[in-house]
$ cat protein.cif   # mmCIF, C-alpha atoms
data_coords
#
loop_
_atom_site.group_PDB
_atom_site.id
_atom_site.type_symbol
_atom_site.label_atom_id
_atom_site.label_comp_id
_atom_site.auth_asym_id
_atom_site.auth_seq_id
_atom_site.Cartn_x
_atom_site.Cartn_y
_atom_site.Cartn_z
ATOM 1 C CA VAL A 1 -62.107 -96.078 -16.846
ATOM 2 C CA GLY A 2 -59.344 -94.211 -15.048
ATOM 3 C CA LEU A 3 -56.869 -94.964 -17.798
ATOM 4 C CA LEU A 4 -59.241 -93.546 -20.416
ATOM 5 C CA GLN A 5 -58.933 -90.135 -18.726
ATOM 6 C CA SER A 6 -55.573 -89.818 -20.461
ATOM 7 C CA LEU A 7 -57.441 -89.430 -23.773
ATOM 8 C CA ALA A 8 -58.436 -85.984 -22.504
ATOM 9 C CA LEU A 9 -54.873 -84.901 -23.260
ATOM 10 C CA ILE A 10 -55.993 -84.839 -26.898
ATOM 11 C CA PRO A 11 -57.334 -81.353 -27.679
ATOM 12 C CA GLY A 12 -61.118 -81.363 -27.860
ATOM 13 C CA VAL A 13 -61.596 -84.612 -25.915
ATOM 14 C CA SER A 14 -63.641 -84.154 -22.758
ATOM 15 C CA ARG A 15 -62.302 -85.973 -19.683
ATOM 16 C CA SER A 16 -65.730 -86.258 -18.148
ATOM 17 C CA GLY A 17 -67.261 -87.217 -21.489
ATOM 18 C CA ILE A 18 -64.825 -90.060 -22.113
ATOM 19 C CA THR A 19 -65.153 -91.444 -18.571
ATOM 20 C CA ILE A 20 -68.959 -91.242 -18.697
ATOM 21 C CA ILE A 21 -68.937 -93.156 -21.993
ATOM 22 C CA ALA A 22 -66.628 -95.768 -20.450
ATOM 23 C CA GLY A 23 -68.904 -96.100 -17.414
ATOM 24 C CA ARG A 24 -71.930 -96.587 -19.646
ATOM 25 C CA GLY A 25 -69.980 -99.207 -21.574
ATOM 26 C CA LEU A 26 -69.394 -101.056 -18.302
ATOM 27 C CA GLY A 27 -73.127 -101.113 -17.573
ATOM 28 C CA LEU A 28 -73.484 -98.188 -15.169
ATOM 29 C CA THR A 29 -76.662 -96.102 -15.298
ATOM 30 C CA ARG A 30 -76.461 -92.565 -16.704
ATOM 31 C CA GLU A 31 -76.431 -91.046 -13.228
ATOM 32 C CA GLN A 32 -73.967 -93.593 -11.798
ATOM 33 C CA SER A 33 -71.660 -93.051 -14.739
ATOM 34 C CA ALA A 34 -71.734 -89.252 -14.370
ATOM 35 C CA ARG A 35 -71.267 -89.424 -10.590
ATOM 36 C CA PHE A 36 -68.320 -91.810 -10.993
ATOM 37 C CA SER A 37 -66.806 -89.568 -13.651
ATOM 38 C CA PHE A 38 -66.918 -86.491 -11.434
ATOM 39 C CA LEU A 39 -65.549 -88.413 -8.443
ATOM 40 C CA LEU A 40 -62.784 -89.806 -10.642
ATOM 41 C CA GLY A 41 -61.810 -86.280 -11.671
ATOM 42 C CA THR A 42 -61.450 -85.061 -8.088
ATOM 43 C CA PRO A 43 -57.802 -86.173 -7.596
ATOM 44 C CA ALA A 44 -56.797 -84.558 -10.899
ATOM 45 C CA MET A 45 -58.534 -81.305 -9.956
ATOM 46 C CA ILE A 46 -56.946 -81.265 -6.494
ATOM 47 C CA GLY A 47 -53.542 -81.952 -8.038
ATOM 48 C CA ALA A 48 -53.969 -79.130 -10.548
ATOM 49 C CA PHE A 49 -55.075 -76.806 -7.744
ATOM 50 C CA VAL A 50 -52.020 -77.657 -5.629
ATOM 51 C CA LEU A 51 -49.613 -77.162 -8.543
ATOM 52 C CA GLU A 52 -51.183 -73.912 -9.717
ATOM 53 C CA SER A 53 -51.759 -72.427 -6.252
ATOM 54 C CA ARG A 54 -48.015 -72.531 -5.554
ATOM 55 C CA LYS A 55 -47.667 -69.805 -8.199
ATOM 56 C CA LEU A 56 -50.137 -67.500 -6.439
ATOM 57 C CA ASP A 57 -49.466 -64.946 -3.741
ATOM 58 C CA LEU A 58 -52.555 -65.641 -1.642
ATOM 59 C CA ALA A 59 -51.889 -62.636 0.607
ATOM 60 C CA ALA A 60 -52.151 -60.339 -2.416
ATOM 61 C CA MET A 61 -55.491 -61.716 -3.615
ATOM 62 C CA SER A 62 -58.268 -59.145 -3.584
ATOM 63 C CA ALA A 63 -61.791 -59.572 -2.296
ATOM 64 C CA SER A 64 -63.006 -59.785 -5.892
ATOM 65 C CA PHE A 65 -60.734 -62.808 -6.441
ATOM 66 C CA TRP A 66 -62.248 -64.612 -3.448
ATOM 67 C CA ALA A 67 -65.778 -63.600 -4.484
ATOM 68 C CA GLY A 68 -65.123 -64.937 -7.981
ATOM 69 C CA LEU A 69 -63.743 -68.170 -6.556
ATOM 70 C CA ALA A 70 -66.829 -68.596 -4.364
ATOM 71 C CA ALA A 71 -69.170 -67.795 -7.272
ATOM 72 C CA ALA A 72 -67.383 -70.332 -9.490
ATOM 73 C CA ALA A 73 -67.630 -72.999 -6.784
ATOM 74 C CA VAL A 74 -71.369 -72.386 -6.305
ATOM 75 C CA ALA A 75 -71.992 -72.323 -10.068
ATOM 76 C CA GLY A 76 -70.055 -75.569 -10.528
ATOM 77 C CA PHE A 77 -71.963 -77.264 -7.720
ATOM 78 C CA LEU A 78 -75.308 -76.146 -9.158
ATOM 79 C CA ALA A 79 -74.337 -77.224 -12.684
ATOM 80 C CA ILE A 80 -73.494 -80.724 -11.458
ATOM 81 C CA LYS A 81 -76.696 -80.863 -9.406
ATOM 82 C CA PHE A 82 -78.782 -79.877 -12.458
ATOM 83 C CA LEU A 83 -76.881 -82.365 -14.642
ATOM 84 C CA PHE A 84 -77.767 -85.224 -12.292
ATOM 85 C CA ALA A 85 -81.413 -84.130 -12.233
ATOM 86 C CA TYR A 86 -81.406 -83.978 -16.055
ATOM 87 C CA LEU A 87 -79.842 -87.442 -16.323
ATOM 88 C CA ARG A 88 -82.599 -88.997 -14.225
ATOM 89 C CA LYS A 89 -85.023 -88.075 -17.038
ATOM 90 C CA ALA A 90 -82.997 -87.912 -20.258
ATOM 91 C CA ASP A 91 -79.912 -89.339 -21.919
ATOM 92 C CA PHE A 92 -76.674 -87.945 -23.327
ATOM 93 C CA ARG A 93 -77.863 -87.500 -26.932
ATOM 94 C CA MET A 94 -78.144 -83.724 -26.611
ATOM 95 C CA PHE A 95 -74.521 -83.527 -25.426
ATOM 96 C CA ALA A 96 -73.329 -85.844 -28.203
ATOM 97 C CA TRP A 97 -75.008 -83.745 -30.913
ATOM 98 C CA TYR A 98 -73.596 -80.575 -29.357
ATOM 99 C CA ARG A 99 -70.058 -82.012 -29.464
ATOM 100 C CA ILE A 100 -70.495 -83.215 -33.059
ATOM 101 C CA ALA A 101 -71.853 -79.834 -34.200
ATOM 102 C CA LEU A 102 -69.060 -77.993 -32.404
ATOM 103 C CA ALA A 103 -66.427 -80.281 -33.958
ATOM 104 C CA ILE A 104 -67.824 -79.646 -37.443
ATOM 105 C CA LEU A 105 -67.821 -75.890 -36.810
ATOM 106 C CA VAL A 106 -64.247 -75.895 -35.495
ATOM 107 C CA LEU A 107 -63.018 -77.977 -38.433
ATOM 108 C CA ALA A 108 -64.827 -75.720 -40.907
ATOM 109 C CA VAL A 109 -63.298 -72.592 -39.372
ATOM 110 C CA PHE A 110 -59.862 -74.217 -39.307
ATOM 111 C CA PHE A 111 -59.908 -75.358 -42.929
ATOM 112 C CA LEU A 112 -61.765 -72.362 -44.392
ATOM 113 C CA LYS A 113 -59.921 -69.582 -42.561
ATOM 114 C CA ASP A 114 -57.751 -68.624 -45.552
#
$ encode --input "protein.cif" --output "structure tokens"
Amino acid sequence: VGLLQSLALIPGVSRSGITIIAGRGLGLTREQSARFSFLLGTPAMIGAFVLESRKLDLAAMSASFWAGLAAAAVAGFLAIKFLFAYLRKADFRMFAWYRIALAILVLAVFFLKD
């Protein structure tokens, strides 16, 4: 499952999506698969934070920066909480159809832009 995360380097491939699919393929429940996927992404997110934060001058960050960071953290936490609640009742079909529709739209725009 961890190795499949590398497929997310392909534009348009979702890291969490590919690891959730892999977890389901290994027999995990929807919720277990999603939980494992988000836990699996934690080291990558921490690594990205460490690399990117070295570029920032934290002393120069305004209050609005810190408020935005806090709001993003709360929103992310709530989104994951609601996702787990949703997965207890429903499956991933809605997300699959969304990704398929978005892919068709992106391809249409790309090929029909001229």
$ closest_residue --input "protein.cif" --among "A:Ser6, A:Ser64, A:Thr19, A:Ser14" --to "A:Ser33" --atoms "only C-alpha atoms"
A:Thr19
$ atom_distance --input "protein.cif" --atom1 "atom CA of A:Ala101" --atom2 "atom CA of A:Val13"
14.0 Å
$ residues_near_point --input "protein.cif" --point "(-62.7, -85.9, -11.1)" --cutoff "12 Å" --atoms "all atoms listed in the file" --output "ChimeraX atom specification"
/A:1-2,5,14-20,34-48,80
$ resolve_selection --input "protein.cif" --expression "the PyMOL selection byres ((chain A and resi 83-86) around 12)" --output "list in words"
Thr29, Arg30, Glu31, Gln32, Ser33, Ala34, Arg35, Phe36, Ser37, Phe38, Gly76, Phe77, Leu78, Ala79, Ile80, Lys81, Phe82, Leu87, Arg88, Lys89, Ala90, Asp91, Phe92, Arg93, Met94 and Phe95 of chain A
$ atom_distance --input "protein.cif" --atom1 "atom CA of A:Ala60" --atom2 "atom CA of A:Val74"
23.0 Å
$ atom_distance --input "protein.cif" --atom1 "atom CA of A:Leu26" --atom2 "atom CA of A:Leu102"
27.0 Å
$ residues_around --input "protein.cif" --residues "A:Gly12" --least-positions-apart "5" --cutoff "10 Å" --atoms "all atoms listed in the file" --output "ChimeraX atom specification"
/A:7,99,102-103,106
$ build_atoms --input "protein.cif" --residues "stretch 33-69 of chain A" --atoms "N, CA and C atoms" --output "compact mmCIF listing (two decimals), in the frame of the given file"
# COMPACT_ATOMS: atom_id res chain seq x y z
N SER A 33 -72.80 -93.32 -13.89
CA SER A 33 -71.66 -93.05 -14.74
C SER A 33 -71.18 -91.61 -14.58
N ALA A 34 -72.10 -90.66 -14.54
CA ALA A 34 -71.73 -89.25 -14.37
C ALA A 34 -71.15 -89.02 -12.98
N ARG A 35 -71.77 -89.59 -11.97
CA ARG A 35 -71.27 -89.42 -10.59
C ARG A 35 -69.85 -89.99 -10.47
N PHE A 36 -69.64 -91.19 -11.02
CA PHE A 36 -68.32 -91.81 -10.99
C PHE A 36 -67.30 -90.96 -11.73
N SER A 37 -67.70 -90.41 -12.86
CA SER A 37 -66.81 -89.57 -13.65
C SER A 37 -66.35 -88.34 -12.86
N PHE A 38 -67.29 -87.68 -12.20
CA PHE A 38 -66.92 -86.49 -11.43
C PHE A 38 -66.08 -86.85 -10.21
N LEU A 39 -66.38 -87.97 -9.57
CA LEU A 39 -65.55 -88.41 -8.44
C LEU A 39 -64.15 -88.79 -8.92
N LEU A 40 -64.06 -89.40 -10.08
CA LEU A 40 -62.78 -89.81 -10.64
C LEU A 40 -61.92 -88.59 -10.98
N GLY A 41 -62.55 -87.49 -11.33
CA GLY A 41 -61.81 -86.28 -11.67
C GLY A 41 -61.31 -85.50 -10.47
N THR A 42 -61.82 -85.82 -9.29
CA THR A 42 -61.45 -85.06 -8.09
C THR A 42 -59.95 -85.07 -7.82
N PRO A 43 -59.25 -86.22 -7.84
CA PRO A 43 -57.80 -86.17 -7.60
C PRO A 43 -57.05 -85.32 -8.62
N ALA A 44 -57.46 -85.37 -9.87
CA ALA A 44 -56.80 -84.56 -10.90
C ALA A 44 -57.02 -83.07 -10.64
N MET A 45 -58.24 -82.71 -10.24
CA MET A 45 -58.53 -81.31 -9.96
C MET A 45 -57.78 -80.82 -8.72
N ILE A 46 -57.69 -81.65 -7.70
CA ILE A 46 -56.95 -81.26 -6.49
C ILE A 46 -55.47 -81.11 -6.84
N GLY A 47 -54.94 -82.05 -7.62
CA GLY A 47 -53.54 -81.95 -8.04
C GLY A 47 -53.26 -80.69 -8.83
N ALA A 48 -54.14 -80.36 -9.76
CA ALA A 48 -53.97 -79.13 -10.55
C ALA A 48 -54.04 -77.91 -9.65
N PHE A 49 -54.96 -77.92 -8.68
CA PHE A 49 -55.08 -76.81 -7.74
C PHE A 49 -53.79 -76.63 -6.94
N VAL A 50 -53.24 -77.73 -6.43
CA VAL A 50 -52.02 -77.66 -5.63
C VAL A 50 -50.87 -77.11 -6.47
N LEU A 51 -50.70 -77.63 -7.68
CA LEU A 51 -49.61 -77.16 -8.54
C LEU A 51 -49.76 -75.69 -8.92
N GLU A 52 -50.97 -75.29 -9.29
CA GLU A 52 -51.18 -73.91 -9.72
C GLU A 52 -51.19 -72.93 -8.55
N SER A 53 -51.67 -73.35 -7.39
CA SER A 53 -51.76 -72.43 -6.25
C SER A 53 -50.38 -72.06 -5.72
N ARG A 54 -49.37 -72.88 -5.99
CA ARG A 54 -48.02 -72.53 -5.55
C ARG A 54 -47.51 -71.29 -6.27
N LYS A 55 -48.08 -70.98 -7.43
CA LYS A 55 -47.67 -69.81 -8.20
C LYS A 55 -48.33 -68.52 -7.71
N LEU A 56 -49.36 -68.66 -6.87
CA LEU A 56 -50.14 -67.50 -6.44
C LEU A 56 -49.61 -66.92 -5.14
N ASP A 57 -49.74 -65.62 -5.01
CA ASP A 57 -49.47 -64.95 -3.74
C ASP A 57 -50.82 -64.73 -3.07
N LEU A 58 -51.22 -65.68 -2.23
CA LEU A 58 -52.56 -65.64 -1.64
C LEU A 58 -52.79 -64.39 -0.80
N ALA A 59 -51.73 -63.84 -0.21
CA ALA A 59 -51.89 -62.64 0.61
C ALA A 59 -52.26 -61.43 -0.26
N ALA A 60 -51.88 -61.47 -1.53
CA ALA A 60 -52.15 -60.34 -2.42
C ALA A 60 -53.49 -60.46 -3.14
N MET A 61 -54.21 -61.53 -2.93
CA MET A 61 -55.49 -61.72 -3.62
C MET A 61 -56.54 -60.75 -3.06
N SER A 62 -57.26 -60.13 -3.98
CA SER A 62 -58.27 -59.14 -3.58
C SER A 62 -59.58 -59.83 -3.21
N ALA A 63 -60.47 -59.05 -2.65
CA ALA A 63 -61.79 -59.57 -2.30
C ALA A 63 -62.54 -60.04 -3.54
N SER A 64 -62.32 -59.37 -4.67
CA SER A 64 -63.01 -59.78 -5.89
C SER A 64 -62.52 -61.16 -6.36
N PHE A 65 -61.25 -61.47 -6.12
CA PHE A 65 -60.73 -62.81 -6.44
C PHE A 65 -61.48 -63.86 -5.64
N TRP A 66 -61.59 -63.64 -4.32
CA TRP A 66 -62.25 -64.61 -3.45
C TRP A 66 -63.74 -64.71 -3.75
N ALA A 67 -64.36 -63.58 -4.11
CA ALA A 67 -65.78 -63.60 -4.48
C ALA A 67 -65.96 -64.39 -5.78
N GLY A 68 -65.06 -64.19 -6.72
CA GLY A 68 -65.12 -64.94 -7.98
C GLY A 68 -64.91 -66.42 -7.77
N LEU A 69 -63.99 -66.76 -6.88
CA LEU A 69 -63.74 -68.17 -6.56
C LEU A 69 -64.99 -68.80 -5.94
